[in-house]
Amino acid sequence: MMKYLFGCICSLLLLLPSGLGAQGSDEKRPPVTRTFFLNNAYVVQSPGKVIDLGSVLIRDGLIQAVGKDLKAPADAKVMKADSMYIYAGFIDGLSNLGVPKPKEDDRSNRGRGQREYNPSYERAGIQTERSVVDMLSPEDKALSEMRAIGFTAAHVVPRGGMLPGQGAVILLGGDDAGKMIVSEGSSLFAQFQGASGVYPNTDMAIMSKFRELYTQARQHKTHSESYAKNARGMSRPAQNDVLAAFGESIDGQRAIFFAVDGIKEMHRALTLSKELGFPLALAEVTMGQKAIAPLKASGASIFLTLDLPKAKAEAKKGEKEETDEEKMMLEKQRAAAQQLHEEQAAMLSKSGLAFGFSTLNAKAKDIRPNLERMIKAGLTEDQALAALTTTPAQMLGLSDIMGTVEKGKIANLVVTDQPYFAKGANIRYVFVDGMPSEYEVKKKKKKKPGDPDAKVMAAGEWNLEIDVPMEQMATPTLTITDEDGSLSGKLVSGMGTNDISNMSLEGDNLTFSYTTEGGGQTVTVSFDLTIDGDSLEGSMSAGSFGSFDVEGSREPKK
Amino acid sequence: MYKHSLMLFLLLAVSALSAQVEKGSIHIKNGTVLTVTNGILENADVVIEDGIITRIGKNLKTPSGAKTVDATGQFVMPGIIDAHSHIALDAVNEATHPITAEVRTGDVLDPLDVGIYRALAGGVTATHAMHGSANAIGGQCETIKLRYGTFNPNDLKMEGAPRTIKFALGENPMRVHGEGGGLMSRTRMGIEHVFRRGFSEAQQYLAAQEAYNKNKASDPSAVPPMYDRRLEALGDILKGDIIIHCHSYRADEILMLMNVCKDFGIKRLVFQHVNEGFKVAPELAEFGAGASVFADWWAYKFEVYYSTAYNAAILTKNGVVTSINSDSGDYIRHLFHQAGKTQRYGKLTDNEALRLITLNPAIQLGIDDRVGSLEKGKDGDVAIFNAHPLSVYAIPQMTIVDGIVRFDIKEDGNDQRLAPDPEKVDMMMLNYDEDHRCMEGTGEALFHNH
């Protein structure tokens, strides 16, 4: 029995981030309902188009209705959304989300010893025939990290050399790769990533190899088509999947996505597209404001990087101010260079260029602060929202199914307690494909500084309130017994009883922990509490699931 | 609607193109004008309109809208041209094959390299941005104009300049591919073989193309040979569309390459470094090959122990079109000093010495109809000095490219970088690029080899 209960606690803890899935055991069960109703919210249907006190009804993965005065159907789970903000889920223009890094191979030894003059396509990083859908892993942690900041869909690409393969648009949720995929083969992915030790090693050779491959692909296509029409008397075209993969781009049907590192690589990609005539998309763009005319002329889809140079830390108090004139001048130059990155989005907007964002080189935790920096540098919130929703949807050819909060679109939504770009705004729900993930607001409590000399009594029965999104664990009872200064106790919750042997009290600071097993994982739940008379407060942490605020009061002695 | 968007597209495309190269109008007044091709004009003016020299003479009128520059007491000369440089490049060697004729340094230009500004500060207006010397047949090079300030690599290209390619003889390609790579070539014989085999394959490729072109009209089943950029480039050399610039030291291998070229009908050939060029000067002159040399630098490795500071003068006196190059982000600022050395070693005249860094490199790059001297109709590329440029006291004052002032000593800031690191303050002088880049990308860059 005890063991079973431990298991329960653990699997519930495991479910914390995604909240409302299966309940209580390892067995997977279908969700209770796939109908959700969000009421009384500001529904930002698209940038600048808001319904005050509106509702959104989600059914079977789609947005079924949006508007005022909607009623919750009987089968709907009503989600609290009073005065919250509902946005279309964000779309990432290019990343490796869900594509785990391949294990280290013998690459480190490459490039030494005897040279290889005619490397295979694979060795040269030319793998256009591969598709990212064969590499997807729904368990990739990056998916949930990006979901937690509002991203619900992404154009993902394989990892590799200059032509790693074909990209796909996926949803950032769901537990099997097949269901995540929205569109396959939506792009050919290219980057200026040389092969180590063999041709093409430098950007010079990548440029040349790209031209050669593309021209050969055209030739191969023409040859194959004529051969299919009339084979007699014609030499047979060799099967070549690498060249064949260019076909749709040659027909103008499939964009070649270049992830560019800096403005020079961007110009190189523009040069190739101009010379060869394929539809181009540029991702990870920086300093685009220095290339407005060529960008406009290219007609390329543009995705700006959400990675920004690290902002310089504010000078600490008491730190000596720089007085060396040369260093001050250099600092001014550095700050100007940083500004060039921060104001890119605003400048492009001003010039009338449409753009989305890509996150190939951005860390999830930096993305909201970086958006804030771009907004501070002149990007409007509506422009930022368009770059996260409507524009990428349009550039990826997905406007019919995502990008706005409208009837019939995939129910990808972000729900926040304040406008998304407001300081301190919290994400409360993210819907992907109509299924919610729920996020609790972390109340930031000032922990009173522990007083090592304080004399407090720990023994007794404490009623705790834990700010954890599980009813069973929210109001446990903690019983502490004191036997000649040696503390022990038990924690009784809706999930069972945990005995605690390693309690320690130093001054007014009470700490203890216990471990629980289940779901194949050991979780250490630890408490760090400060006792003040008959009340206590502090935090509970449960390993990687996070930390939760705790308050409590002592049950009066009967 | 479609038509409209097409029009819009064309308009945008045109404006993008015309925005590419900025040109200006300048009236340089009352200087001592060293024309190189037409003697010295005292108290003369040079008028540049929309990037082109339109008039040279006394008391000229200032065209409307033109900037005026008072050059009283100053020396006005054609912008200096460096026929061997690796500044403004993101990559120098594609050292993965003995023949990389298809790659182009023009694809990896770096307009943000502060070396461009430093070269301008030495009166240089154009450089030959060369591939390195790791491979027997290296990549194609780009002749660039130092249009400092642009963020677009394509803006640096000297539009219309002939194509050139880097070849290399001797120790570098032998070491990279023979000793280092265990393949072709370990000896100078092997290097010759790389050339001959490459050209022979290109001949076969051209023949196959020609056969296809002949047959395709009558035979619908004809299939063209598979496109091969390496053989295309070698074929273009055979056709005379690309000038060979060959890294070389020893007289025997210089003769060898001239023999190879004769056998394959190749006429456009310039030798770089060519430290033993003085030994075969008459042969070079007879072939019509150019020579681009250091003023007085040798003995930095075994194959280059035998040389002389008289090299440029001997070559010049033998009728070889000779230039003095820098091959360095540092020497490039002192090319006028380098040229002056030929007066100490070889007693060249002022004009002969100036030609070594102006008209002669222009001839070697095939751009002498555009730059290299101050003449009506040529590009407005000008360097202004406070003293005669061959004087050791000369300091460049202003450098003009296409009628645009790209360097002005009066406006010279302490930090001229276009793209400083946004994350940290770096003491820029620590990054000072005086290393030579000939062998960059080969794992040997540390050894300073040429």
# chains A, B, ... in the order shown; residues from 1 in each chain; ligands from 1

$ interface_residues --of "chain A" --to "chain B" --cutoff "8 Å" --atoms "only C-alpha atoms" --output "PyMOL selection string"
chain A and resi 113-117+197-205+207-208+212+215-216+219+223+233-235+263-264+267-268+290-291+293-294+296-298+309-312+327+330-331+333-338

$ atom_distance --atom1 "atom CA of Gly319 of chain B" --atom2 "atom CA of Ala285 of chain B"
5.8 Å

$ closest_residue --among "A:Gln344, A:Gln45, A:Ser547, A:Ser535" --to "Leu306 of chain A" --atoms "only C-alpha atoms"
A:Gln344

$ atom_distance --atom1 "atom CA of Ser186 of chain A" --atom2 "atom CA of Tyr214 of chain A"
18.0 Å

$ atom_distance --atom1 "atom CA of Asp296 of chain B" --atom2 "atom CA of Thr308 of chain B"
6.7 Å

$ residues_around --residues "Gln343 of chain B" --least-positions-apart "3" --cutoff "10 Å" --atoms "only C-alpha atoms" --output "PyMOL selection string"
chain B and resi 310+313+338-340+346-350+352-353+390

$ closest_residue --among "B:Gly79, B:Gly73, B:Gly160, B:Pro282" --to "Glu142 of chain B" --atoms "only C-alpha atoms"
B:Gly160

$ select_by_dssp --residues "segment 296-499 of chain A" --states "helix (DSSP H, G or I)" --output "PyMOL selection string"
chain A and resi 296-298+325-342+344-351+364-376+381-388+390-395+471-474

$ decode --residues "segment 296-327 of chain B" --atoms "N, CA, C and O atoms" --output "PDB file, in the first residue's frame"
ATOM      1  N   ASP B 296      62.348  43.664 -50.683  1.00  0.00           N
ATOM      2  CA  ASP B 296      63.626  43.158 -50.154  1.00  0.00           C
ATOM      3  C   ASP B 296      63.362  42.149 -49.043  1.00  0.00           C
ATOM      4  O   ASP B 296      63.771  42.315 -47.911  1.00  0.00           O
ATOM      5  N   TRP B 297      62.659  41.131 -49.381  1.00  0.00           N
ATOM      6  CA  TRP B 297      62.301  40.178 -48.334  1.00  0.00           C
ATOM      7  C   TRP B 297      62.484  38.762 -48.855  1.00  0.00           C
ATOM      8  O   TRP B 297      61.942  38.407 -49.897  1.00  0.00           O
ATOM      9  N   TRP B 298      63.293  37.991 -48.165  1.00  0.00           N
ATOM     10  CA  TRP B 298      63.534  36.599 -48.570  1.00  0.00           C
ATOM     11  C   TRP B 298      64.129  35.849 -47.405  1.00  0.00           C
ATOM     12  O   TRP B 298      64.160  36.346 -46.289  1.00  0.00           O
ATOM     13  N   ALA B 299      64.554  34.618 -47.688  1.00  0.00           N
ATOM     14  CA  ALA B 299      65.219  33.767 -46.698  1.00  0.00           C
ATOM     15  C   ALA B 299      64.301  33.385 -45.545  1.00  0.00           C
ATOM     16  O   ALA B 299      64.762  33.062 -44.470  1.00  0.00           O
ATOM     17  N   TYR B 300      62.999  33.412 -45.756  1.00  0.00           N
ATOM     18  CA  TYR B 300      62.100  32.970 -44.699  1.00  0.00           C
ATOM     19  C   TYR B 300      61.808  31.478 -44.792  1.00  0.00           C
ATOM     20  O   TYR B 300      61.096  30.923 -43.991  1.00  0.00           O
ATOM     21  N   LYS B 301      62.333  30.819 -45.822  1.00  0.00           N
ATOM     22  CA  LYS B 301      62.338  29.364 -45.876  1.00  0.00           C
ATOM     23  C   LYS B 301      63.326  28.927 -46.945  1.00  0.00           C
ATOM     24  O   LYS B 301      63.796  29.751 -47.736  1.00  0.00           O
ATOM     25  N   PHE B 302      63.579  27.605 -46.975  1.00  0.00           N
ATOM     26  CA  PHE B 302      64.720  27.127 -47.743  1.00  0.00           C
ATOM     27  C   PHE B 302      64.663  27.518 -49.215  1.00  0.00           C
ATOM     28  O   PHE B 302      65.644  27.989 -49.783  1.00  0.00           O
ATOM     29  N   GLU B 303      63.492  27.321 -49.833  1.00  0.00           N
ATOM     30  CA  GLU B 303      63.424  27.536 -51.284  1.00  0.00           C
ATOM     31  C   GLU B 303      63.543  29.019 -51.659  1.00  0.00           C
ATOM     32  O   GLU B 303      63.592  29.348 -52.832  1.00  0.00           O
ATOM     33  N   VAL B 304      63.632  29.884 -50.662  1.00  0.00           N
ATOM     34  CA  VAL B 304      63.675  31.313 -50.978  1.00  0.00           C
ATOM     35  C   VAL B 304      64.916  31.978 -50.348  1.00  0.00           C
ATOM     36  O   VAL B 304      64.911  33.120 -49.968  1.00  0.00           O
ATOM     37  N   TYR B 305      66.003  31.164 -50.265  1.00  0.00           N
ATOM     38  CA  TYR B 305      67.248  31.727 -49.748  1.00  0.00           C
ATOM     39  C   TYR B 305      67.982  32.563 -50.777  1.00  0.00           C
ATOM     40  O   TYR B 305      68.773  33.421 -50.444  1.00  0.00           O
ATOM     41  N   TYR B 306      67.738  32.257 -52.035  1.00  0.00           N
ATOM     42  CA  TYR B 306      68.495  32.922 -53.088  1.00  0.00           C
ATOM     43  C   TYR B 306      67.654  34.058 -53.653  1.00  0.00           C
ATOM     44  O   TYR B 306      66.730  33.826 -54.424  1.00  0.00           O
ATOM     45  N   SER B 307      67.918  35.266 -53.244  1.00  0.00           N
ATOM     46  CA  SER B 307      67.172  36.391 -53.807  1.00  0.00           C
ATOM     47  C   SER B 307      67.980  37.672 -53.655  1.00  0.00           C
ATOM     48  O   SER B 307      69.100  37.635 -53.137  1.00  0.00           O
ATOM     49  N   THR B 308      67.408  38.769 -54.103  1.00  0.00           N
ATOM     50  CA  THR B 308      68.128  40.033 -54.055  1.00  0.00           C
ATOM     51  C   THR B 308      67.153  41.197 -54.034  1.00  0.00           C
ATOM     52  O   THR B 308      66.050  41.106 -54.591  1.00  0.00           O
ATOM     53  N   ALA B 309      67.567  42.274 -53.387  1.00  0.00           N
ATOM     54  CA  ALA B 309      66.745  43.478 -53.371  1.00  0.00           C
ATOM     55  C   ALA B 309      66.741  44.159 -54.745  1.00  0.00           C
ATOM     56  O   ALA B 309      65.957  45.065 -54.983  1.00  0.00           O
ATOM     57  N   TYR B 310      67.632  43.722 -55.631  1.00  0.00           N
ATOM     58  CA  TYR B 310      67.662  44.277 -56.991  1.00  0.00           C
ATOM     59  C   TYR B 310      66.658  43.594 -57.913  1.00  0.00           C
ATOM     60  O   TYR B 310      66.566  43.903 -59.092  1.00  0.00           O
ATOM     61  N   ASN B 311      65.927  42.614 -57.368  1.00  0.00           N
ATOM     62  CA  ASN B 311      65.025  41.803 -58.188  1.00  0.00           C
ATOM     63  C   ASN B 311      64.080  42.677 -59.026  1.00  0.00           C
ATOM     64  O   ASN B 311      64.018  42.534 -60.257  1.00  0.00           O
ATOM     65  N   ALA B 312      63.387  43.601 -58.381  1.00  0.00           N
ATOM     66  CA  ALA B 312      62.409  44.423 -59.112  1.00  0.00           C
ATOM     67  C   ALA B 312      63.081  45.239 -60.208  1.00  0.00           C
ATOM     68  O   ALA B 312      62.573  45.341 -61.323  1.00  0.00           O
ATOM     69  N   ALA B 313      64.250  45.789 -59.885  1.00  0.00           N
ATOM     70  CA  ALA B 313      64.945  46.635 -60.868  1.00  0.00           C
ATOM     71  C   ALA B 313      65.424  45.803 -62.052  1.00  0.00           C
ATOM     72  O   ALA B 313      65.288  46.206 -63.213  1.00  0.00           O
ATOM     73  N   ILE B 314      66.001  44.616 -61.760  1.00  0.00           N
ATOM     74  CA  ILE B 314      66.502  43.761 -62.854  1.00  0.00           C
ATOM     75  C   ILE B 314      65.350  43.348 -63.763  1.00  0.00           C
ATOM     76  O   ILE B 314      65.446  43.407 -64.995  1.00  0.00           O
ATOM     77  N   LEU B 315      64.254  42.943 -63.153  1.00  0.00           N
ATOM     78  CA  LEU B 315      63.092  42.537 -63.948  1.00  0.00           C
ATOM     79  C   LEU B 315      62.608  43.709 -64.805  1.00  0.00           C
ATOM     80  O   LEU B 315      62.338  43.558 -65.997  1.00  0.00           O
ATOM     81  N   THR B 316      62.524  44.889 -64.181  1.00  0.00           N
ATOM     82  CA  THR B 316      62.044  46.069 -64.896  1.00  0.00           C
ATOM     83  C   THR B 316      62.948  46.386 -66.081  1.00  0.00           C
ATOM     84  O   THR B 316      62.481  46.617 -67.200  1.00  0.00           O
ATOM     85  N   LYS B 317      64.283  46.351 -65.823  1.00  0.00           N
ATOM     86  CA  LYS B 317      65.228  46.683 -66.901  1.00  0.00           C
ATOM     87  C   LYS B 317      65.185  45.666 -68.019  1.00  0.00           C
ATOM     88  O   LYS B 317      65.561  45.961 -69.162  1.00  0.00           O
ATOM     89  N   ASN B 318      64.717  44.449 -67.706  1.00  0.00           N
ATOM     90  CA  ASN B 318      64.600  43.423 -68.745  1.00  0.00           C
ATOM     91  C   ASN B 318      63.255  43.468 -69.465  1.00  0.00           C
ATOM     92  O   ASN B 318      62.949  42.586 -70.263  1.00  0.00           O
ATOM     93  N   GLY B 319      62.448  44.473 -69.094  1.00  0.00           N
ATOM     94  CA  GLY B 319      61.178  44.614 -69.806  1.00  0.00           C
ATOM     95  C   GLY B 319      60.048  43.754 -69.276  1.00  0.00           C
ATOM     96  O   GLY B 319      59.046  43.546 -69.966  1.00  0.00           O
ATOM     97  N   VAL B 320      60.209  43.240 -68.057  1.00  0.00           N
ATOM     98  CA  VAL B 320      59.116  42.476 -67.447  1.00  0.00           C
ATOM     99  C   VAL B 320      58.202  43.460 -66.727  1.00  0.00           C
ATOM    100  O   VAL B 320      58.688  44.324 -65.992  1.00  0.00           O
ATOM    101  N   VAL B 321      56.900  43.329 -66.939  1.00  0.00           N
ATOM    102  CA  VAL B 321      55.963  44.167 -66.190  1.00  0.00           C
ATOM    103  C   VAL B 321      56.014  43.715 -64.737  1.00  0.00           C
ATOM    104  O   VAL B 321      55.642  42.599 -64.398  1.00  0.00           O
ATOM    105  N   THR B 322      56.539  44.609 -63.881  1.00  0.00           N
ATOM    106  CA  THR B 322      56.839  44.220 -62.501  1.00  0.00           C
ATOM    107  C   THR B 322      56.059  45.087 -61.513  1.00  0.00           C
ATOM    108  O   THR B 322      55.887  46.282 -61.725  1.00  0.00           O
ATOM    109  N   SER B 323      55.601  44.458 -60.456  1.00  0.00           N
ATOM    110  CA  SER B 323      54.956  45.233 -59.393  1.00  0.00           C
ATOM    111  C   SER B 323      55.559  44.830 -58.062  1.00  0.00           C
ATOM    112  O   SER B 323      56.217  43.792 -57.952  1.00  0.00           O
ATOM    113  N   ILE B 324      55.335  45.685 -57.063  1.00  0.00           N
ATOM    114  CA  ILE B 324      55.735  45.337 -55.703  1.00  0.00           C
ATOM    115  C   ILE B 324      54.468  45.169 -54.885  1.00  0.00           C
ATOM    116  O   ILE B 324      53.571  46.023 -54.919  1.00  0.00           O
ATOM    117  N   ASN B 325      54.389  44.006 -54.195  1.00  0.00           N
ATOM    118  CA  ASN B 325      53.167  43.719 -53.443  1.00  0.00           C
ATOM    119  C   ASN B 325      53.459  43.634 -51.962  1.00  0.00           C
ATOM    120  O   ASN B 325      54.608  43.677 -51.519  1.00  0.00           O
ATOM    121  N   SER B 326      52.407  43.516 -51.179  1.00  0.00           N
ATOM    122  CA  SER B 326      52.588  43.461 -49.726  1.00  0.00           C
ATOM    123  C   SER B 326      52.411  42.055 -49.175  1.00  0.00           C
ATOM    124  O   SER B 326      53.153  41.632 -48.313  1.00  0.00           O
ATOM    125  N   ASP B 327      51.378  41.329 -49.619  1.00  0.00           N
ATOM    126  CA  ASP B 327      51.028  40.028 -49.059  1.00  0.00           C
ATOM    127  C   ASP B 327      50.851  40.132 -47.547  1.00  0.00           C
ATOM    128  O   ASP B 327      51.063  39.180 -46.821  1.00  0.00           O
TER     129      ASP B 327
END
